[in-house]
$ cat query-v7.txt   # compact mmCIF, C-alpha atoms and all ligand atoms
# COMPACT_ATOMS: atom_id res chain seq x y z
CA MET A 1 0.00 0.00 0.00
CA ALA A 2 1.29 3.44 -0.90
CA ASN A 3 2.02 5.92 1.88
CA ASN A 4 1.35 9.14 0.01
CA PHE A 5 1.99 12.66 1.27
CA GLN A 6 -1.17 14.50 0.27
CA PRO A 7 0.25 17.99 -0.50
CA LEU A 8 2.58 16.42 -3.09
CA VAL A 9 -0.18 14.25 -4.56
CA ASP A 10 -2.42 17.31 -4.90
CA ARG A 11 0.35 19.24 -6.65
CA ILE A 12 1.14 16.38 -9.05
CA LEU A 13 -2.52 16.13 -10.00
CA LYS A 14 -2.75 19.91 -10.43
CA ASP A 15 0.53 20.68 -12.25
CA GLY A 16 2.13 17.37 -13.32
CA LYS A 17 1.98 16.22 -16.91
CA SER A 18 2.11 12.67 -18.16
CA LEU A 19 4.24 12.46 -21.30
CA GLU A 20 4.53 9.73 -23.94
CA GLY A 21 6.82 6.90 -22.84
CA GLY A 22 5.81 6.88 -19.19
CA ILE A 23 7.52 10.12 -18.15
CA LEU A 24 5.98 12.37 -15.53
CA LYS A 25 6.82 16.03 -16.04
CA VAL A 26 7.02 18.02 -12.82
CA ASP A 27 9.04 20.96 -14.14
CA GLY A 28 6.83 23.53 -12.47
CA PHE A 29 7.74 22.57 -8.89
CA ILE A 30 10.57 19.97 -8.77
CA ASN A 31 12.69 19.66 -11.90
CA HIS A 32 13.06 23.20 -13.24
CA GLN A 33 11.12 25.79 -11.29
CA LEU A 34 11.27 24.82 -7.61
CA ASP A 35 8.61 25.28 -4.95
CA PRO A 36 10.66 25.71 -1.75
CA ILE A 37 7.59 25.65 0.49
CA LEU A 38 6.43 22.30 -0.86
CA ILE A 39 10.02 21.00 -0.75
CA GLU A 40 10.31 22.03 2.89
CA GLN A 41 7.01 20.30 3.70
CA MET A 42 8.24 17.15 1.96
CA CYS A 43 11.51 17.25 3.88
CA GLU A 44 9.65 17.64 7.16
CA GLU A 45 7.77 14.48 6.16
CA PHE A 46 11.13 12.74 5.59
CA THR A 47 12.17 13.73 9.13
CA ARG A 48 9.09 11.85 10.37
CA ARG A 49 9.69 8.79 8.18
CA PHE A 50 13.42 8.36 8.82
CA ASP A 51 14.73 8.69 12.37
CA PRO A 52 17.07 11.72 12.16
CA ASN A 53 19.34 10.09 14.74
CA SER A 54 19.91 7.10 12.48
CA TYR A 55 22.01 8.95 9.86
CA ASP A 56 24.77 11.56 9.86
CA LYS A 57 24.87 12.62 6.24
CA ILE A 58 22.53 13.04 3.27
CA ILE A 59 23.60 11.92 -0.20
CA THR A 60 21.98 12.65 -3.54
CA ILE A 61 22.83 12.83 -7.25
CA GLU A 62 22.98 16.08 -9.19
CA ALA A 63 20.94 17.85 -10.30
CA SER A 64 17.34 17.40 -9.20
CA GLY A 65 18.05 15.64 -5.91
CA ILE A 66 20.09 18.57 -4.61
CA ALA A 67 17.21 20.88 -3.67
CA PRO A 68 15.35 18.44 -1.39
CA ALA A 69 18.63 17.09 0.01
CA VAL A 70 19.84 20.58 0.95
CA ILE A 71 16.51 21.57 2.52
CA LEU A 72 16.55 18.36 4.57
CA GLY A 73 20.16 19.02 5.53
CA LEU A 74 19.21 22.55 6.57
CA LEU A 75 16.30 21.32 8.71
CA LEU A 76 18.48 18.76 10.47
CA LYS A 77 21.82 20.60 10.33
CA LYS A 78 23.46 17.67 8.57
CA PRO A 79 25.97 17.75 5.70
CA VAL A 80 24.83 17.00 2.17
CA VAL A 81 26.96 15.33 -0.50
CA PHE A 82 25.91 15.20 -4.11
CA ALA A 83 27.38 12.62 -6.43
CA LYS A 84 28.61 14.22 -9.65
CA LYS A 85 27.75 13.13 -13.14
CA LYS A 86 31.08 14.30 -14.60
CA LYS A 87 34.47 13.26 -13.32
CA PRO A 88 36.20 16.46 -12.18
CA SER A 89 39.91 16.44 -13.02
CA THR A 90 40.69 17.88 -9.60
CA MET A 91 39.00 15.17 -7.54
CA SER A 92 41.32 12.96 -5.56
CA ASN A 93 40.45 9.57 -4.08
CA MET A 94 37.47 9.32 -6.42
CA LEU A 95 34.85 6.58 -6.18
CA VAL A 96 33.10 5.91 -9.51
CA THR A 97 30.18 3.83 -10.71
CA GLU A 98 28.09 3.62 -13.87
CA VAL A 99 24.38 4.40 -14.01
CA PHE A 100 21.89 3.85 -16.82
CA SER A 101 19.49 6.74 -17.32
CA PHE A 102 15.89 5.85 -18.08
CA THR A 103 14.95 9.33 -19.27
CA LYS A 104 18.06 9.81 -21.44
CA ASN A 105 18.43 6.16 -22.52
CA THR A 106 22.19 6.24 -22.01
CA SER A 107 24.78 5.36 -19.35
CA TYR A 108 26.83 7.88 -17.45
CA HIS A 109 29.44 7.86 -14.70
CA VAL A 110 28.59 9.01 -11.21
CA CYS A 111 31.38 9.83 -8.83
CA VAL A 112 32.01 11.07 -5.35
CA SER A 113 35.20 11.90 -3.54
CA GLY A 114 36.29 9.37 -0.93
CA GLU A 115 36.98 12.44 1.19
CA PHE A 116 33.24 13.05 1.63
CA LEU A 117 31.90 9.50 1.70
CA THR A 118 33.92 7.50 4.16
CA LYS A 119 34.01 4.27 6.11
CA GLY A 120 31.40 4.23 8.87
CA ASP A 121 29.30 7.11 7.46
CA ARG A 122 25.58 6.48 8.00
CA VAL A 123 23.85 8.02 4.99
CA LEU A 124 20.33 8.74 3.83
CA PHE A 125 19.89 8.87 0.04
CA ILE A 126 17.39 11.42 -1.29
CA ASP A 127 16.29 11.74 -4.92
CA ASP A 128 13.46 13.19 -6.96
CA PHE A 129 12.30 10.01 -8.75
CA LEU A 130 12.51 6.27 -8.26
CA ALA A 131 11.93 4.54 -11.58
CA ASN A 132 14.03 1.45 -12.31
CA GLY A 133 16.32 2.11 -9.37
CA LYS A 134 19.50 2.51 -11.43
CA ALA A 135 20.60 5.73 -9.71
CA ALA A 136 19.87 4.17 -6.31
CA VAL A 137 21.89 1.06 -7.17
CA GLY A 138 24.75 3.34 -8.25
CA ILE A 139 24.65 5.00 -4.82
CA ILE A 140 24.58 1.58 -3.14
CA ASP A 141 27.73 0.74 -5.10
CA LEU A 142 29.48 3.99 -4.14
CA CYS A 143 28.58 3.45 -0.46
CA ALA A 144 29.87 -0.13 -0.66
CA GLN A 145 33.16 1.14 -2.13
CA ALA A 146 33.45 3.68 0.69
CA GLN A 147 32.27 1.17 3.33
CA ALA A 148 29.52 3.62 4.27
CA GLU A 149 26.14 2.40 5.51
CA ILE A 150 22.88 3.27 3.75
CA VAL A 151 20.23 3.85 6.39
CA GLY A 152 17.40 4.52 3.96
CA MET A 153 16.32 5.94 0.62
CA GLY A 154 13.73 8.67 0.31
CA PHE A 155 12.14 9.63 -2.99
CA LEU A 156 9.72 12.40 -3.77
CA ILE A 157 8.00 10.35 -6.47
CA GLU A 158 8.05 6.61 -7.08
CA LYS A 159 6.82 5.20 -10.36
CA GLY A 160 5.23 2.09 -8.95
CA PHE A 161 4.89 0.51 -12.38
CA GLN A 162 8.68 0.38 -12.80
CA ALA A 163 10.99 -2.09 -11.09
CA GLY A 164 13.02 0.09 -8.70
CA GLY A 165 10.79 -0.01 -5.62
CA LYS A 166 10.55 -3.79 -5.61
CA LEU A 167 14.27 -4.19 -6.25
CA LEU A 168 15.30 -1.92 -3.35
CA ARG A 169 12.74 -3.30 -0.87
CA GLU A 170 13.81 -6.86 -1.71
CA ARG A 171 17.30 -5.79 -0.68
CA GLN A 172 15.83 -4.89 2.73
CA ILE A 173 16.43 -1.19 2.20
CA HIS A 174 14.12 1.18 4.06
CA VAL A 175 12.47 2.99 1.13
CA GLU A 176 10.03 5.87 1.53
CA SER A 177 8.28 7.54 -1.37
CA LEU A 178 6.11 10.60 -0.83
CA ALA A 179 3.89 9.90 -3.84
CA THR A 180 3.57 6.66 -5.73
CA ILE A 181 2.29 6.71 -9.29
CA GLU A 182 0.37 3.61 -10.25
CA SER A 183 0.20 4.35 -13.94
CA LEU A 184 0.80 6.97 -16.60
CA ASP A 185 -1.11 5.01 -19.25
CA ASN A 186 -2.95 7.03 -21.90
CA CYS A 187 -1.15 10.11 -20.55
CA THR A 188 -3.34 10.00 -17.44
CA ILE A 189 -1.79 10.24 -13.98
CA THR A 190 -3.13 7.57 -11.63
CA ILE A 191 -1.92 7.75 -8.04
CA ALA A 192 -1.42 4.45 -6.18
CA LYS A 193 -3.80 3.90 -3.25
P1 LIG A 201 16.08 5.27 -12.00
O1 LIG A 201 17.53 5.47 -11.74
O2 LIG A 201 15.28 4.93 -10.76
O3 LIG A 201 15.82 4.31 -13.11
O4 LIG A 201 15.56 6.67 -12.52
C1 LIG A 201 15.56 7.75 -11.65
C2 LIG A 201 16.10 8.97 -12.29
O5 LIG A 201 15.61 9.13 -13.62
C3 LIG A 201 15.64 10.17 -11.49
O6 LIG A 201 16.72 10.72 -10.77
C4 LIG A 201 15.10 11.13 -12.52
O7 LIG A 201 16.07 12.11 -12.79
C5 LIG A 201 14.89 10.33 -13.76
N1 LIG A 201 13.47 9.96 -14.01
C6 LIG A 201 12.98 8.70 -14.14
N2 LIG A 201 11.68 8.72 -14.46
C7 LIG A 201 11.34 10.03 -14.53
C8 LIG A 201 10.11 10.70 -14.83
O8 LIG A 201 9.04 10.11 -15.11
N3 LIG A 201 10.13 12.05 -14.81
C9 LIG A 201 11.27 12.76 -14.52
N4 LIG A 201 11.16 14.09 -14.50
N5 LIG A 201 12.45 12.17 -14.25
C10 LIG A 201 12.48 10.81 -14.25
$ encode --input "query-v7.txt" --output "structure tokens" --more "lines below"
Ligand code: 5GP
Amino acid sequence: MANNFQPLVDRILKDGKSLEGGILKVDGFINHQLDPILIEQMCEEFTRRFDPNSYDKIITIEASGIAPAVILGLLLKKPVVFAKKKKPSTMSNMLVTEVFSFTKNTSYHVCVSGEFLTKGDRVLFIDDFLANGKAAVGIIDLCAQAQAEIVGMGFLIEKGFQAGGKLLRERQIHVESLATIESLDNCTITIAK
């Protein structure tokens, strides 16, 4: 059963657009223009769903995960690390993994400095969407390389008709999604109950 956060569901139904190919467009409040008030409300919900004492650091992937991750970090006064999609030439002790992008239909490298993700870190991963779980699995790989512990994974929107949610929950990861989409068939947004 989905555990939806009603203010987000209402906003998706009001301003979200279902595009061909099973893509949900939320450019008006998450992916391009940002609604900081809604993002703050969502992050407050994350503070209720994940025990703030259970993690020390928040990790995300650029670009769209950064806004909610930073707001959550601000609320809890915890550091935020974002994995980068380009390998900076200046990064030392770099941890790298490969991620397949559903929306762009191509693979890219994701990296983080071993300086900011270290052995014993207890991290919460935050991202905008959970689709097939490729970005999340990339973060699991980076945390394994660093010997950091993933305490949970929080997503603003989960596409329940794609494989990521099942895959992560089968791995016993504590996954929380603030809105679960049951279907985008016929360009209609159906929210999971
Ligand atoms: P996954 O790695 O779970 O397969 O895909 C998650 C990533 O793909 C998210 O970080 C997001 O950037 C992008 N994504 C997947 N599906 C959608 C979608 O329907 N709409 C948008 N805006 N991004 C999506």
$ residues_around --input "query-v7.txt" --residues "stretch 42-57 of chain A" --least-positions-apart "2" --cutoff "9 Å" --atoms "all atoms listed in the file" --output "short mmCIF file (atom, residue, chain, number, x, y, z; two decimals) with C-alpha atoms, in the frame of the given file"
data_model
loop_
_atom_site.label_atom_id
_atom_site.label_comp_id
_atom_site.auth_asym_id
_atom_site.auth_seq_id
_atom_site.Cartn_x
_atom_site.Cartn_y
_atom_site.Cartn_z
CA PHE A 5 1.99 12.66 1.27
CA PRO A 7 0.25 17.99 -0.50
CA LEU A 8 2.58 16.42 -3.09
CA ILE A 37 7.59 25.65 0.49
CA LEU A 38 6.43 22.30 -0.86
CA ILE A 39 10.02 21.00 -0.75
CA GLU A 40 10.31 22.03 2.89
CA ILE A 59 23.60 11.92 -0.20
CA PRO A 68 15.35 18.44 -1.39
CA ALA A 69 18.63 17.09 0.01
CA ILE A 71 16.51 21.57 2.52
CA LEU A 72 16.55 18.36 4.57
CA GLY A 73 20.16 19.02 5.53
CA LEU A 75 16.30 21.32 8.71
CA LEU A 76 18.48 18.76 10.47
CA LYS A 78 23.46 17.67 8.57
CA PRO A 79 25.97 17.75 5.70
CA VAL A 80 24.83 17.00 2.17
CA VAL A 81 26.96 15.33 -0.50
CA LEU A 117 31.90 9.50 1.70
CA ASP A 121 29.30 7.11 7.46
CA ARG A 122 25.58 6.48 8.00
CA VAL A 123 23.85 8.02 4.99
CA LEU A 124 20.33 8.74 3.83
CA PHE A 125 19.89 8.87 0.04
CA GLU A 149 26.14 2.40 5.51
CA ILE A 150 22.88 3.27 3.75
CA VAL A 151 20.23 3.85 6.39
CA GLY A 152 17.40 4.52 3.96
CA GLY A 154 13.73 8.67 0.31
CA LEU A 156 9.72 12.40 -3.77
CA HIS A 174 14.12 1.18 4.06
CA GLU A 176 10.03 5.87 1.53
CA LEU A 178 6.11 10.60 -0.83
#
$ residues_around --input "query-v7.txt" --residues "A:Gln147" --least-positions-apart "6" --cutoff "8 Å" --atoms "only C-alpha atoms" --output "VMD selection string"
chain A and resid 118 to 121
$ atom_distance --input "query-v7.txt" --atom1 "atom CA of A:Cys111" --atom2 "atom CA of A:Phe161"
28.3 Å
$ residues_near_ligand --input "query-v7.txt" --ligand "ligand LIG 201 (chain A)" --cutoff "9 Å" --atoms "only C-alpha atoms and all ligand atoms" --output "ChimeraX atom specification"
/A:18-19,21-27,30-31,61-65,99-104,127-138,157-159,162-165,184
$ write_last_selection --input "query-v7.txt" --atoms "C-alpha atoms" --output "compact mmCIF listing (two decimals), in the coordinates of the input"
# COMPACT_ATOMS: atom_id res chain seq x y z
CA SER A 18 2.11 12.67 -18.16
CA LEU A 19 4.24 12.46 -21.30
CA GLY A 21 6.82 6.90 -22.84
CA GLY A 22 5.81 6.88 -19.19
CA ILE A 23 7.52 10.12 -18.15
CA LEU A 24 5.98 12.37 -15.53
CA LYS A 25 6.82 16.03 -16.04
CA VAL A 26 7.02 18.02 -12.82
CA ASP A 27 9.04 20.96 -14.14
CA ILE A 30 10.57 19.97 -8.77
CA ASN A 31 12.69 19.66 -11.90
CA ILE A 61 22.83 12.83 -7.25
CA GLU A 62 22.98 16.08 -9.19
CA ALA A 63 20.94 17.85 -10.30
CA SER A 64 17.34 17.40 -9.20
CA GLY A 65 18.05 15.64 -5.91
CA VAL A 99 24.38 4.40 -14.01
CA PHE A 100 21.89 3.85 -16.82
CA SER A 101 19.49 6.74 -17.32
CA PHE A 102 15.89 5.85 -18.08
CA THR A 103 14.95 9.33 -19.27
CA LYS A 104 18.06 9.81 -21.44
CA ASP A 127 16.29 11.74 -4.92
CA ASP A 128 13.46 13.19 -6.96
CA PHE A 129 12.30 10.01 -8.75
CA LEU A 130 12.51 6.27 -8.26
CA ALA A 131 11.93 4.54 -11.58
CA ASN A 132 14.03 1.45 -12.31
CA GLY A 133 16.32 2.11 -9.37
CA LYS A 134 19.50 2.51 -11.43
CA ALA A 135 20.60 5.73 -9.71
CA ALA A 136 19.87 4.17 -6.31
CA VAL A 137 21.89 1.06 -7.17
CA GLY A 138 24.75 3.34 -8.25
CA ILE A 157 8.00 10.35 -6.47
CA GLU A 158 8.05 6.61 -7.08
CA LYS A 159 6.82 5.20 -10.36
CA GLN A 162 8.68 0.38 -12.80
CA ALA A 163 10.99 -2.09 -11.09
CA GLY A 164 13.02 0.09 -8.70
CA GLY A 165 10.79 -0.01 -5.62
CA LEU A 184 0.80 6.97 -16.60
$ closest_residue --input "query-v7.txt" --among "A:Ala179, A:Val70, A:Ile140, A:Gly16" --to "A:Pro36" --atoms "all atoms listed in the file"
A:Val70
$ atom_distance --input "query-v7.txt" --atom1 "atom CA of A:Leu142" --atom2 "atom CA of A:Leu95"
6.3 Å
$ closest_residue --input "query-v7.txt" --among "A:Asp15, A:Pro88, A:Leu74, A:Met153" --to "A:Thr60" --atoms "only C-alpha atoms"
A:Met153
$ atom_distance --input "query-v7.txt" --atom1 "atom CA of A:Phe82" --atom2 "atom CA of A:Asp10"
28.4 Å
$ closest_residue --input "query-v7.txt" --among "A:Lys193, A:Lys86, A:Glu182, A:Gly28" --to "A:Ser107" --atoms "only C-alpha atoms"
A:Lys86
$ closest_residue --input "query-v7.txt" --among "A:Ser113, A:Ala67, A:Ile139, A:Ile12" --to "A:Thr97" --atoms "only C-alpha atoms"
A:Ile139
$ closest_residue --input "query-v7.txt" --among "A:Leu167, A:Met1, A:Val112, A:Ile181" --to "A:Lys87" --atoms "only C-alpha atoms"
A:Val112
